[in-house]
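Following: one structure in structure tokens, then a few remarks.
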Amino acid sequence: AFFSWGTVLSVGITLLTVYGKEIGEWIKNVTKSTNAVDSLKESQKQLNDINQQGAKNAVEETVKLKSLLAIAKDTSLSYKERMIAVKELQDTYPAYFGNLKEEEILAGNTTKAENALTEAILSRAKANAAVGKITENQAKIIDFELEKLDLQKQLTQATADYEAVVKRMQKVQTGKSDVDAFKVLSLADTIQSLKKDIINIDKDILAQEKINNTL
């Protein structure tokens, strides 16, 4: 036999200690700083994406707004054509042009309303882009949660198998099996790997949640 009973039992106890809660806490503390930096970088990247996408989404509506205003102010056009543009402005954006008299819009006295509306269009477009990003991130979180659940089931089974082998070996005082000894080591390695995977998924979930909170 390659291992004595005392050696196997010692290995089992050592592995249980090493792969316990303490190792998870140690890994968490060591990587905490790095994860925070990575999360910050990803948050900034997504914010930049939102700003860019928001600007793109606002272009069409902004162009339409400027086109209507240009028609309303163009004295070379007929009064009827200009009034059609004025009415559309007031109907489409009552909060900004509804309080202005038709004559004011025709005369081009709309700077304050134009600026406020342009800013509102961009803000709304950015908000819509942010919702898209948050939804995308939330989908990732759900996937991570499902993966974590599967790993936890595997960990529960591996731990039960490990304890069963150790218990069996404790009952048998003679003829210790090298097969069981190797199985103890293999299961311990599996347990360690599963715990690390769960820790990594928890970090991924936390990172996505932090990113969503900044958007």
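Every chain in the structure tokens takes a letter, A first, then B, and so on in the order presented; its residues are numbered from 1, and the ligands are numbered from 1 following the presented order.
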
Set the distance at 9 Å and use only C-alpha atoms: which residues neighbour stretch 107-117 of chain A once local chain neighbours fewer than 6 positions away are removed? I'd like the list as JSON, numbers by chain.
{"A": [62, 65, 66, 69, 70, 72, 73, 93, 95, 96, 97, 100]}

Could you give me, as a PDB file with all heavy atoms, in the first residue's frame, the residues within 7 Å of stretch 205-214 of chain A, counting only C-alpha atoms and dropping anything in the same chain fewer than 6 positions from it?
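Ended up saving to around-v6.pdb:
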```pdb
ATOM      1  N   SER A  39     -14.158  46.378 -11.751  1.00  0.00           N
ATOM      2  CA  SER A  39     -15.562  46.784 -11.744  1.00  0.00           C
ATOM      3  C   SER A  39     -15.700  48.252 -12.120  1.00  0.00           C
ATOM      4  O   SER A  39     -16.596  48.638 -12.876  1.00  0.00           O
ATOM      5  CB  SER A  39     -16.178  46.532 -10.360  1.00  0.00           C
ATOM      6  OG  SER A  39     -17.529  46.935 -10.329  1.00  0.00           O
ATOM      7  N   SER A  43     -17.621  49.752 -15.325  1.00  0.00           N
ATOM      8  CA  SER A  43     -18.686  50.742 -15.122  1.00  0.00           C
ATOM      9  C   SER A  43     -18.465  51.952 -16.026  1.00  0.00           C
ATOM     10  O   SER A  43     -19.396  52.438 -16.671  1.00  0.00           O
ATOM     11  CB  SER A  43     -18.721  51.191 -13.659  1.00  0.00           C
ATOM     12  OG  SER A  43     -19.064  50.132 -12.813  1.00  0.00           O
ATOM     13  N   ILE A 134     -28.681  47.920 -18.375  1.00  0.00           N
ATOM     14  CA  ILE A 134     -29.055  47.315 -17.102  1.00  0.00           C
ATOM     15  C   ILE A 134     -29.763  45.983 -17.340  1.00  0.00           C
ATOM     16  O   ILE A 134     -29.520  45.002 -16.626  1.00  0.00           O
ATOM     17  CB  ILE A 134     -29.948  48.275 -16.285  1.00  0.00           C
ATOM     18  CG1 ILE A 134     -29.117  49.476 -15.819  1.00  0.00           C
ATOM     19  CG2 ILE A 134     -30.570  47.556 -15.086  1.00  0.00           C
ATOM     20  CD1 ILE A 134     -29.936  50.570 -15.157  1.00  0.00           C
ATOM     21  N   ASN A 137     -27.152  43.482 -18.253  1.00  0.00           N
ATOM     22  CA  ASN A 137     -26.382  43.064 -17.074  1.00  0.00           C
ATOM     23  C   ASN A 137     -27.199  42.146 -16.167  1.00  0.00           C
ATOM     24  O   ASN A 137     -26.666  41.201 -15.582  1.00  0.00           O
ATOM     25  CB  ASN A 137     -25.925  44.291 -16.280  1.00  0.00           C
ATOM     26  CG  ASN A 137     -24.895  45.118 -17.027  1.00  0.00           C
ATOM     27  OD1 ASN A 137     -24.215  44.613 -17.916  1.00  0.00           O
ATOM     28  ND2 ASN A 137     -24.762  46.382 -16.673  1.00  0.00           N
ATOM     29  N   ILE A 141     -26.513  38.369 -14.657  1.00  0.00           N
ATOM     30  CA  ILE A 141     -26.616  37.987 -13.244  1.00  0.00           C
ATOM     31  C   ILE A 141     -27.456  36.720 -13.093  1.00  0.00           C
ATOM     32  O   ILE A 141     -27.110  35.819 -12.318  1.00  0.00           O
ATOM     33  CB  ILE A 141     -27.227  39.142 -12.418  1.00  0.00           C
ATOM     34  CG1 ILE A 141     -26.230  40.304 -12.326  1.00  0.00           C
ATOM     35  CG2 ILE A 141     -27.602  38.663 -11.007  1.00  0.00           C
ATOM     36  CD1 ILE A 141     -26.783  41.535 -11.636  1.00  0.00           C
ATOM     37  N   PHE A 144     -25.418  33.807 -14.087  1.00  0.00           N
ATOM     38  CA  PHE A 144     -24.444  33.502 -13.038  1.00  0.00           C
ATOM     39  C   PHE A 144     -25.102  32.771 -11.866  1.00  0.00           C
ATOM     40  O   PHE A 144     -24.533  31.826 -11.306  1.00  0.00           O
ATOM     41  CB  PHE A 144     -23.781  34.788 -12.521  1.00  0.00           C
ATOM     42  CG  PHE A 144     -22.761  35.379 -13.452  1.00  0.00           C
ATOM     43  CD1 PHE A 144     -22.688  36.747 -13.646  1.00  0.00           C
ATOM     44  CD2 PHE A 144     -21.861  34.563 -14.128  1.00  0.00           C
ATOM     45  CE1 PHE A 144     -21.745  37.299 -14.507  1.00  0.00           C
ATOM     46  CE2 PHE A 144     -20.919  35.101 -14.989  1.00  0.00           C
ATOM     47  CZ  PHE A 144     -20.855  36.476 -15.176  1.00  0.00           C
TER      48      PHE A 144
END
```

In Å, with one decimal, what is the gap from atom CA of A:Thr190 to atom CA of A:Lys167?
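It comes out at 18.2 Å.
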
Neighbouring residues of A:Ile71 were defined as those with any atom within 7 Å, considering only C-alpha atoms; residues of the same chain fewer than 3 positions away were excluded. Please report them as JSON, numbers by chain.
{"A": [67, 68, 74, 82, 85]}

Length of the atom CA of A:Lys101 to atom CA of A:Ile84 vector [Å]:
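According to the coordinates, atom CA of A:Lys101 and atom CA of A:Ile84 are separated by 14.1 Å.
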
Can you work out the spacing between atom CA of A:Gly132 and atom CA of A:Glu145 in Å, to one decimal?
20.1 Å

For A:Thr135, the nearest of the candidates A:Val63, A:Asp150, A:Lys195, A:Leu215, counting only C-alpha atoms
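Using only C-alpha atoms, A:Thr135 sits closest to A:Leu215.
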
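Contact shell of A:Leu155 at 8 Å (only C-alpha atoms; same-chain neighbours under 3 positions omitted): Leu151, Gln152, Ala158, Thr159, Ile191, Leu194 and Lys195 of chain A.
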
Write out as a list in words the residues lying within 6 Å of stretch 54-61 of chain A, counting only C-alpha atoms and excluding same-chain residues fewer than 3 positions away.
Ile50, Asn51, Lys64, Leu122, Ala125, Lys126 and Ala129 of chain A

Within 12 Å of A:Leu187, counting only C-alpha atoms, which residues show up once you throw out same-chain ones fewer than 2 positions away? Write them as a PyMOL selection string, please.
chain A and resi 12+15-16+19+154-166+180-185+189-194
